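> Got a file for you: start.tsv, TSV, C-alpha atoms.
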```
chain	number	residue	atom	x	y	z
A	1	MET	CA	52.12	24.22	-32.20
A	2	SER	CA	53.09	22.11	-29.28
A	3	THR	CA	50.47	21.03	-26.76
A	4	ASP	CA	53.00	19.68	-24.29
A	5	PRO	CA	52.15	21.10	-20.82
A	6	ARG	CA	55.87	21.56	-20.25
A	7	ARG	CA	55.98	24.00	-23.15
A	8	ARG	CA	58.15	26.95	-22.17
A	9	SER	CA	58.25	30.30	-23.90
A	10	PRO	CA	61.65	31.60	-25.05
A	11	LEU	CA	61.56	34.42	-22.49
A	12	ALA	CA	59.96	32.50	-19.62
A	13	HIS	CA	62.95	33.43	-17.46
A	14	ARG	CA	62.21	37.18	-17.87
A	15	GLN	CA	59.63	39.33	-16.10
A	16	PRO	CA	58.05	42.42	-17.67
A	17	ILE	CA	60.15	45.51	-16.95
A	18	GLY	CA	59.55	49.24	-17.02
A	19	THR	CA	56.38	51.24	-16.69
A	20	ALA	CA	53.75	52.10	-19.27
A	21	ASP	CA	54.16	55.85	-18.75
A	22	THR	CA	57.72	55.80	-20.11
A	23	LEU	CA	58.85	52.46	-21.55
A	24	HIS	CA	57.63	48.95	-20.94
A	25	LEU	CA	58.95	45.58	-22.16
A	26	SER	CA	57.09	42.30	-21.96
A	27	GLU	CA	56.74	39.03	-23.81
A	28	LEU	CA	53.57	37.86	-25.52
A	29	PRO	CA	54.20	34.11	-25.36
A	30	PHE	CA	52.65	31.38	-27.48
A	31	TRP	CA	50.96	33.54	-30.12
A	32	GLY	CA	50.14	31.70	-33.32
A	33	LEU	CA	52.32	32.46	-36.33
A	34	LEU	CA	51.60	30.93	-39.72
A	35	SER	CA	53.70	31.55	-42.79
A	36	VAL	CA	51.72	31.33	-46.02
A	37	ARG	CA	53.37	31.52	-49.42
A	38	GLY	CA	52.10	31.23	-52.94
A	39	ASP	CA	50.55	33.11	-55.82
A	40	PRO	CA	48.93	36.29	-54.42
A	41	VAL	CA	45.71	35.69	-56.32
A	42	ALA	CA	45.25	31.99	-55.52
A	43	VAL	CA	46.31	32.32	-51.89
A	44	GLY	CA	44.44	35.61	-51.55
A	45	LEU	CA	41.16	34.02	-52.58
A	46	ALA	CA	41.53	31.23	-50.03
A	47	VAL	CA	42.52	33.61	-47.22
A	48	ARG	CA	39.59	35.90	-47.97
A	49	GLU	CA	37.21	32.95	-48.00
A	50	VAL	CA	38.47	31.50	-44.70
A	51	LEU	CA	39.47	34.57	-42.69
A	52	GLY	CA	37.77	37.48	-44.42
A	53	ILE	CA	41.12	39.21	-44.91
A	54	ASP	CA	42.31	40.83	-48.13
A	55	LEU	CA	46.00	39.96	-48.14
A	56	PRO	CA	48.14	43.12	-48.12
A	57	GLY	CA	49.98	43.68	-51.38
A	58	ALA	CA	52.73	46.16	-50.53
A	59	VAL	CA	55.61	46.59	-48.16
A	60	LYS	CA	54.71	47.53	-44.55
A	61	ALA	CA	51.01	46.78	-45.12
A	62	THR	CA	48.95	44.63	-42.78
A	63	ALA	CA	45.32	43.57	-42.75
A	64	GLY	CA	43.32	41.94	-39.99
A	65	ALA	CA	39.90	40.54	-39.20
A	66	GLY	CA	38.46	38.32	-36.50
A	67	GLY	CA	41.57	38.26	-34.33
A	68	VAL	CA	43.94	37.27	-37.16
A	69	THR	CA	46.34	39.74	-38.78
A	70	ALA	CA	48.24	39.20	-42.02
A	71	LEU	CA	51.62	40.93	-42.28
A	72	TRP	CA	53.19	41.45	-45.72
A	73	GLN	CA	56.56	39.69	-45.85
A	74	SER	CA	57.40	39.63	-49.54
A	75	PRO	CA	55.46	39.67	-52.82
A	76	ASP	CA	54.49	36.03	-52.31
A	77	GLU	CA	54.70	35.58	-48.55
A	78	TRP	CA	52.57	36.66	-45.61
A	79	LEU	CA	52.73	36.03	-41.87
A	80	LEU	CA	49.41	35.33	-40.17
A	81	VAL	CA	49.44	36.26	-36.49
A	82	THR	CA	46.71	34.76	-34.31
A	83	GLU	CA	45.88	34.81	-30.63
A	84	PRO	CA	47.41	31.95	-28.62
A	85	GLY	CA	45.94	28.57	-29.40
A	86	ARG	CA	44.04	29.54	-32.55
A	87	GLU	CA	46.75	28.74	-35.10
A	88	GLY	CA	45.83	25.05	-35.36
A	89	GLU	CA	42.25	25.77	-36.27
A	90	VAL	CA	43.20	28.53	-38.74
A	91	GLN	CA	45.82	26.30	-40.33
A	92	ALA	CA	43.36	23.42	-40.72
A	93	ARG	CA	40.74	25.63	-42.39
A	94	LEU	CA	43.32	27.25	-44.68
A	95	THR	CA	44.76	23.87	-45.64
A	96	ASP	CA	41.30	22.76	-46.76
A	97	ALA	CA	40.71	25.97	-48.71
A	98	LEU	CA	44.12	25.77	-50.39
A	99	ALA	CA	43.83	22.11	-51.37
A	100	GLY	CA	44.88	21.63	-54.97
A	101	ARG	CA	46.54	25.02	-55.20
A	102	HIS	CA	50.30	25.44	-55.16
A	103	HIS	CA	51.14	26.91	-51.78
A	104	GLN	CA	53.14	26.58	-48.59
A	105	LEU	CA	51.56	26.90	-45.16
A	106	VAL	CA	53.84	26.42	-42.16
A	107	ASP	CA	53.20	26.83	-38.45
A	108	LEU	CA	56.06	28.94	-37.03
A	109	SER	CA	54.53	29.48	-33.60
A	110	ASP	CA	57.28	27.63	-31.76
A	111	TYR	CA	60.02	29.23	-33.84
A	112	ASP	CA	59.37	32.85	-32.90
A	113	THR	CA	58.09	34.81	-29.95
A	114	ILE	CA	56.73	38.33	-29.58
A	115	ILE	CA	58.25	41.10	-27.46
A	116	THR	CA	56.14	44.19	-26.86
A	117	VAL	CA	57.83	47.56	-26.56
A	118	ALA	CA	55.37	50.23	-25.46
A	119	GLY	CA	55.28	53.69	-23.99
A	120	PRO	CA	56.17	57.23	-25.06
A	121	ALA	CA	59.90	56.38	-25.22
A	122	ALA	CA	59.44	53.21	-27.31
A	123	ARG	CA	60.32	54.88	-30.60
A	124	ALA	CA	63.46	56.50	-29.23
A	125	ALA	CA	64.60	53.27	-27.57
A	126	LEU	CA	64.10	51.21	-30.74
A	127	ALA	CA	65.83	53.85	-32.85
A	128	LYS	CA	69.04	53.09	-30.96
A	129	LEU	CA	69.07	49.59	-32.41
A	130	ILE	CA	67.23	49.84	-35.73
A	131	ALA	CA	68.56	51.74	-38.75
A	132	LEU	CA	65.12	52.09	-40.31
A	133	ASP	CA	63.22	55.37	-40.11
A	134	LEU	CA	60.68	54.97	-37.28
A	135	HIS	CA	59.11	58.41	-37.59
A	136	PRO	CA	55.28	58.22	-37.79
A	137	ARG	CA	55.38	59.44	-41.39
A	138	ALA	CA	57.60	56.45	-42.30
A	139	LEU	CA	55.98	53.81	-40.07
A	140	ALA	CA	52.39	54.44	-39.07
A	141	ALA	CA	50.10	52.53	-36.74
A	142	GLY	CA	49.05	49.24	-38.30
A	143	GLN	CA	52.21	48.90	-40.39
A	144	ALA	CA	54.83	46.17	-40.06
A	145	VAL	CA	58.27	45.73	-41.55
A	146	SER	CA	61.08	43.17	-41.52
A	147	THR	CA	64.44	44.59	-40.64
A	148	LEU	CA	67.52	44.18	-38.46
A	149	LEU	CA	67.66	45.01	-34.76
A	150	ALA	CA	71.37	45.08	-33.95
A	151	LYS	CA	72.32	41.75	-35.54
A	152	ALA	CA	68.98	39.96	-35.22
A	153	THR	CA	66.30	39.82	-37.90
A	154	VAL	CA	62.99	41.04	-36.51
A	155	ARG	CA	59.54	41.78	-37.82
A	156	LEU	CA	58.63	45.12	-36.35
A	157	TRP	CA	54.88	45.70	-36.05
A	158	LEU	CA	53.49	49.01	-34.83
A	159	VAL	CA	50.17	47.86	-33.41
A	160	GLN	CA	48.90	51.23	-32.21
A	161	ASP	CA	50.10	54.75	-31.75
A	162	GLY	CA	48.45	57.46	-29.68
A	163	GLU	CA	48.61	59.63	-26.62
A	164	ALA	CA	50.00	56.79	-24.50
A	165	GLY	CA	52.86	56.38	-26.96
A	166	PRO	CA	53.44	53.76	-29.62
A	167	ALA	CA	53.00	50.06	-28.92
A	168	PHE	CA	55.36	47.91	-30.98
A	169	ARG	CA	55.44	44.16	-31.29
A	170	LEU	CA	58.74	42.59	-32.26
A	171	ILE	CA	58.43	39.11	-33.71
A	172	VAL	CA	61.83	37.57	-33.04
A	173	ARG	CA	63.35	34.14	-33.43
A	174	ARG	CA	63.46	31.97	-30.35
A	175	SER	CA	67.25	31.88	-30.23
A	176	HIS	CA	67.48	35.65	-30.72
A	177	ALA	CA	64.85	36.48	-28.09
A	178	ASP	CA	67.12	36.87	-25.08
A	179	TYR	CA	69.67	38.84	-27.12
A	180	VAL	CA	66.97	41.25	-28.29
A	181	TRP	CA	65.48	41.50	-24.80
A	182	CYS	CA	68.80	42.42	-23.20
A	183	LEU	CA	69.65	44.95	-25.89
A	184	LEU	CA	66.24	46.61	-25.51
A	185	ALA	CA	66.68	46.76	-21.75
A	186	ASP	CA	70.10	48.31	-22.25
A	187	ALA	CA	68.69	50.85	-24.71
A	188	GLY	CA	66.03	51.71	-22.13
A	189	ARG	CA	68.43	52.39	-19.27
A	190	GLN	CA	67.96	56.14	-19.62
A	191	TRP	CA	64.22	55.67	-19.08
A	192	GLY	CA	64.74	53.59	-15.97
A	193	LEU	CA	64.76	50.02	-17.30
A	194	PRO	CA	66.82	47.74	-15.05
A	195	PRO	CA	69.90	46.08	-16.57
A	196	GLN	CA	69.30	42.53	-17.78
A	197	GLU	CA	72.15	40.08	-17.70
A	198	PRO	CA	72.27	37.83	-20.77
A	199	ILE	CA	71.88	34.10	-20.29
A	200	GLY	CA	75.29	32.54	-19.76
A	201	ARG	CA	76.64	35.97	-18.78
A	202	VAL	CA	78.17	36.39	-22.21
A	203	PRO	CA	78.59	40.11	-22.82
A	204	LEU	CA	76.51	41.41	-25.69
A	205	ASP	CA	78.40	42.61	-28.73
A	206	ILE	CA	76.29	44.45	-31.24
A	207	GLY	CA	79.26	45.02	-33.50
A	208	ALA	CA	79.91	47.99	-35.70
B	1	MET	CA	77.45	52.23	-46.10
B	2	LEU	CA	75.10	52.02	-49.04
B	3	LEU	CA	71.41	52.79	-49.12
B	4	ILE	CA	70.10	50.13	-51.48
B	5	PRO	CA	66.70	50.52	-53.15
B	6	CYS	CA	65.09	47.08	-52.96
B	7	PRO	CA	62.55	46.84	-55.81
B	8	TYR	CA	60.00	45.40	-53.36
B	9	CYS	CA	60.71	47.23	-50.08
B	10	GLY	CA	62.23	50.57	-51.03
B	11	ALA	CA	65.50	52.04	-49.80
B	12	ARG	CA	67.09	50.09	-46.97
B	13	ASP	CA	70.38	49.97	-45.17
B	14	GLN	CA	73.13	47.87	-46.73
B	15	THR	CA	73.35	45.67	-43.61
B	16	GLU	CA	70.00	44.13	-44.57
B	17	PHE	CA	71.39	42.83	-47.87
B	18	GLY	CA	73.65	40.08	-49.07
B	19	TYR	CA	75.83	40.38	-52.15
B	20	GLY	CA	75.52	37.86	-54.98
B	21	GLY	CA	78.30	38.87	-57.36
B	22	GLU	CA	78.13	39.38	-61.10
B	23	ALA	CA	74.68	39.09	-62.66
B	24	HIS	CA	73.57	37.52	-65.94
B	25	ARG	CA	75.99	34.58	-65.93
B	26	ALA	CA	74.16	31.81	-67.75
B	27	ARG	CA	75.06	28.27	-66.75
B	28	PRO	CA	76.46	26.42	-69.78
B	29	THR	CA	73.97	23.97	-71.25
B	30	ASP	CA	76.68	21.65	-72.62
B	31	SER	CA	78.73	21.26	-69.44
B	32	ASP	CA	79.19	17.53	-70.08
B	33	ARG	CA	81.30	18.37	-73.13
B	34	MET	CA	83.31	21.15	-71.53
B	35	SER	CA	86.97	20.83	-70.61
B	36	ASP	CA	88.09	21.39	-67.03
B	37	ALA	CA	89.57	24.72	-68.09
B	38	GLN	CA	86.34	25.87	-69.64
B	39	TRP	CA	84.39	24.78	-66.58
B	40	ALA	CA	86.85	26.48	-64.25
B	41	HIS	CA	86.50	29.64	-66.29
B	42	TYR	CA	82.75	29.55	-65.86
B	43	VAL	CA	82.94	28.79	-62.14
B	44	PHE	CA	85.74	31.08	-61.01
B	45	MET	CA	86.36	33.91	-63.43
B	46	ARG	CA	84.40	37.12	-62.94
B	47	LYS	CA	84.63	40.54	-64.47
B	48	ASN	CA	86.24	43.18	-62.32
B	49	THR	CA	84.62	46.13	-63.95
B	50	LYS	CA	85.46	49.65	-63.06
B	51	GLY	CA	82.33	51.58	-63.82
B	52	VAL	CA	78.84	50.32	-64.46
B	53	PHE	CA	78.48	46.75	-63.27
B	54	ALA	CA	75.42	44.47	-63.19
B	55	GLU	CA	75.32	42.52	-59.94
B	56	ARG	CA	72.96	40.52	-57.78
B	57	TRP	CA	71.76	41.38	-54.29
B	58	VAL	CA	69.42	39.63	-51.87
B	59	HIS	CA	67.35	41.50	-49.31
B	60	ALA	CA	68.22	38.97	-46.63
B	61	ALA	CA	66.70	40.73	-43.62
B	62	GLY	CA	63.65	42.01	-45.47
B	63	CYS	CA	61.64	40.36	-48.21
B	64	ARG	CA	64.40	37.79	-48.88
B	65	LYS	CA	64.07	38.31	-52.63
B	66	TRP	CA	66.95	38.40	-55.08
B	67	PHE	CA	67.21	41.25	-57.54
B	68	ASN	CA	69.71	42.81	-59.90
B	69	ALA	CA	71.33	46.20	-59.59
B	70	LEU	CA	73.48	48.37	-61.82
B	71	ARG	CA	76.19	49.91	-59.69
B	72	ASN	CA	79.05	52.16	-60.62
B	73	THR	CA	81.87	50.37	-58.83
B	74	ALA	CA	84.02	53.49	-58.87
B	75	THR	CA	81.52	55.74	-57.13
B	76	ASP	CA	79.27	53.12	-55.45
B	77	GLU	CA	76.30	54.86	-57.01
B	78	ILE	CA	73.39	52.48	-57.58
B	79	LEU	CA	72.01	53.51	-60.95
B	80	ALA	CA	69.11	51.10	-61.32
B	81	VAL	CA	67.53	48.02	-59.76
B	82	TYR	CA	65.52	45.49	-61.70
B	83	ARG	CA	63.97	42.11	-61.06
B	84	MET	CA	65.50	38.72	-61.66
B	85	GLY	CA	65.03	37.59	-65.24
B	86	GLU	CA	64.78	41.09	-66.62
B	87	PRO	CA	67.48	42.49	-68.92
B	88	PRO	CA	69.57	45.35	-67.57
B	89	PRO	CA	68.10	48.74	-68.42
B	90	GLY	CA	69.98	50.62	-71.10
B	91	GLY	CA	71.49	54.04	-71.01
B	92	PHE	CA	74.26	53.20	-68.57
B	93	THR	CA	76.43	50.96	-70.74
B	94	ASP	CA	79.06	53.51	-71.68
B	95	GLY	CA	80.30	53.87	-68.14
B	96	LEU	CA	80.51	57.03	-66.15
B	97	PRO	CA	83.66	59.03	-65.50
B	98	THR	CA	85.52	57.86	-62.43
B	99	PRO	CA	86.36	60.44	-59.76
B	100	ALA	CA	90.05	60.63	-60.65
B	101	GLY	CA	89.53	60.07	-64.34
B	102	GLU	CA	91.69	56.93	-64.51
B	103	PRO	CA	91.86	54.96	-67.74
B	104	ALA	CA	89.50	52.01	-68.04
B	105	ILE	CA	92.28	49.49	-68.55
B	106	GLY	CA	95.29	49.10	-66.34
B	107	SER	CA	93.63	50.14	-63.14
B	108	GLY	CA	91.81	47.00	-62.15
B	109	ASN	CA	89.25	47.11	-64.92
B	110	ASP	CA	88.55	44.00	-66.96
B	111	GLY	CA	90.67	41.93	-64.58
B	112	SER	CA	89.83	38.51	-65.95
B	113	THR	CA	90.98	39.46	-69.44
B	114	VAL	CA	94.22	40.85	-68.10
B	115	ALA	CA	94.84	37.79	-65.92
B	116	LEU	CA	94.20	35.33	-68.70
B	117	GLY	CA	95.89	37.22	-71.50
B	118	ALA	CA	94.61	35.95	-74.80
B	119	PHE	CA	93.06	32.82	-73.24
B	120	ASP	CA	89.85	31.89	-75.00
B	121	PRO	CA	87.68	29.63	-72.86
B	122	GLY	CA	85.90	28.46	-75.98
B	123	ALA	CA	89.08	26.95	-77.44
B	124	GLY	CA	89.55	24.34	-74.72
B	125	GLY	CA	92.88	23.19	-73.34
B	126	ASP	CA	94.76	24.47	-70.35
B	127	ARG	CA	95.53	27.96	-69.28
B	128	PRO	CA	98.38	29.54	-71.17
```
Once you've parsed the file, please lay out its structure as structure tokens.

Amino acid sequence: MSTDPRRRSPLAHRQPIGTADTLHLSELPFWGLLSVRGDPVAVGLAVREVLGIDLPGAVKATAGAGGVTALWQSPDEWLLVTEPGREGEVQARLTDALAGRHHQLVDLSDYDTIITVAGPAARAALAKLIALDLHPRALAAGQAVSTLLAKATVRLWLVQDGEAGPAFRLIVRRSHADYVWCLLADAGRQWGLPPQEPIGRVPLDIGA
Amino acid sequence: MLLIPCPYCGARDQTEFGYGGEAHRARPTDSDRMSDAQWAHYVFMRKNTKGVFAERWVHAAGCRKWFNALRNTATDEILAVYRMGEPPPGGFTDGLPTPAGEPAIGSGNDGSTVALGAFDPGAGGDRP
């Protein structure tokens, strides 16, 4: 992570839009994101020792403890999501625990950002842009999945689901963030989200 | 649009995948002794099977893993998926009937053999 005071989040030029009783968009800037890869057993032992998390072993699964959540990415890859500012400490402890074991541990915090999509209409709005089945029986609270939103790759994480509607977090690449933001705002027009003009005023083209 | 069953993630939309062409093509171990024609044959020539075809896919927007699939190129039916390094599952090798019942040869099937005639890449030399 960068400690430069001039650090600027990818969506710093956007303000939260919408209301929580229908649909709400906001950015969660500067969260820690660590990619860890390696043998599930060797890496799993180190992660359990350091973070107290049993690494999830199947698609869509997540596991969390102590403010850190591990998202399954592939059979040998996980994404650790931490609160802002904690990724350096977690990375240092994991590096020590993984010493001598074949692994890869990379800080992606500056590469991605998180967009939250919450409210009773969140599922319907996302379904306009994502081909995946978002029904609660296919994606339940606490599950996460990598997929395409329009043309951007996103990690879709359903943090909670309840009476107030689902709360999704979309982990998106820095350069895709404004594209995804504008498309989500456009998808939410019917629930009262204001139109968002893309940076550079280039019209969005989501293709066929 | 295909619904492709990734062996790690389950059925996903085709837009999440990338295509990797024919599977099970082993790189020659004696490439330093091969003629240009033999090398070109390895690099460029692919089967153009009509029917059951073993091919590679990568789940680019998901787990980013490569895997193999058996697909009937005439019907686009994906018959089986299996992991890299595994042999193709049996039981599909005879080919399935195509919708219009065309003959196997003369309708795009086995294109490389047709294009090259009797050319044997093992014999060296230039294309006939």
> Quick check: residues of chain A within 7 Å of chain B, only C-alpha atoms, returned as a CSV table (one decimal) with C-alpha atoms, in the frame of the given file.

```
chain,number,residue,atom,x,y,z
A,59,VAL,CA,55.6,46.6,-48.2
A,73,GLN,CA,56.6,39.7,-45.8
A,74,SER,CA,57.4,39.6,-49.5
A,131,ALA,CA,68.6,51.7,-38.8
A,146,SER,CA,61.1,43.2,-41.5
A,147,THR,CA,64.4,44.6,-40.6
A,148,LEU,CA,67.5,44.2,-38.5
A,153,THR,CA,66.3,39.8,-37.9
```
> Identify, on the basis of all atoms listed in the file, every residue whose closest approach to A:Val43 does not exceed 10 Å; exclude the query and any residue fewer than 4 positions from it along the same chain; express the result as a list in words.
Val36, Arg37, Gly38, Asp39, Val47, Arg48, Glu49, Leu55, Asp76, Glu77, Trp78, Leu94, Ala97, Leu98, Arg101, His102, His103 and Gln104 of chain A
> Residues near stretch 162-178 of chain A, anyone? I mean within 6 Å using only C-alpha atoms, not counting same-chain ones fewer than 3 positions away, as a PyMOL selection string.
chain A and resi 10+111-120+154-159+181
> Need to verify the contact set: B:Glu86, 12 Å, only C-alpha atoms, exclusion of same-chain residues closer than 3 positions in sequence. Can you return it as a short mmCIF file (atom, residue, chain, number, x, y, z; two decimals) with C-alpha atoms, keeping the file's coordinate frame?

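Wrote around.cif, looks like this:
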```cif
data_model
loop_
_atom_site.label_atom_id
_atom_site.label_comp_id
_atom_site.auth_asym_id
_atom_site.auth_seq_id
_atom_site.Cartn_x
_atom_site.Cartn_y
_atom_site.Cartn_z
CA ALA B 23 74.68 39.09 -62.66
CA HIS B 24 73.57 37.52 -65.94
CA ALA B 54 75.42 44.47 -63.19
CA PHE B 67 67.21 41.25 -57.54
CA ASN B 68 69.71 42.81 -59.90
CA ALA B 69 71.33 46.20 -59.59
CA VAL B 81 67.53 48.02 -59.76
CA TYR B 82 65.52 45.49 -61.70
CA ARG B 83 63.97 42.11 -61.06
CA PRO B 89 68.10 48.74 -68.42
CA GLY B 90 69.98 50.62 -71.10
#
```
> Pick out the residues sitting within 6 Å of B:Thr73, and hand them over as JSON, numbers by chain; count all atoms listed in the file, and ignore anything fewer than 3 positions along from it in its own chain.
{"B": [50, 51, 76]}
> Kindly indicate which residue among B:Phe44, B:Arg25, B:Gly18, B:Asp32 lies nearest to B:Pro87, using only C-alpha atoms for the distances.
B:Arg25
> Provide the atom CA of B:Glu77 to atom CA of A:Leu132 distance in Å, to one decimal place.
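Atom-to-atom, atom CA of B:Glu77 and atom CA of A:Leu132 are spaced 20.3 Å apart.
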> Measure the distance from atom CA of B:His41 to atom CA of B:Met84 in Å and round it to one decimal.
23.3 Å
> So, counting all atoms listed in the file, which residue among A:Asp107, A:Arg7, A:Ala125, A:Lys151 is closest to A:Asp186?
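Using all atoms listed in the file, A:Asp186 sits closest to A:Ala125.
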> From the list A:Val41, A:Leu105, A:Val68, A:Gly142, which residue is nearest A:Ala92 when using all atoms listed in the file?
A:Leu105
> Extract, using only C-alpha atoms, all DNA, RNA and protein residues at most 7 Å from A:Leu80, discarding same-chain residues fewer than 6 positions from it, and format them as a ChimeraX atom specification.
/A:33-35,68-71
> Could you jot down the atom CA of A:Pro84 to atom CA of A:Lys60 separation for me, Å, one decimal place?
23.4 Å
> So which one's closest to A:Glu27, A:Leu108, A:Leu45, A:Ala121, A:Val180? Using only C-alpha atoms, please.
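The answer is A:Val180, which sits nearest to A:Glu27.
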> With only C-alpha atoms as the atoms that count, which of B:Asn48, B:Gly91, B:Gly85, B:Val43 lies nearest to B:Trp66?
B:Gly85
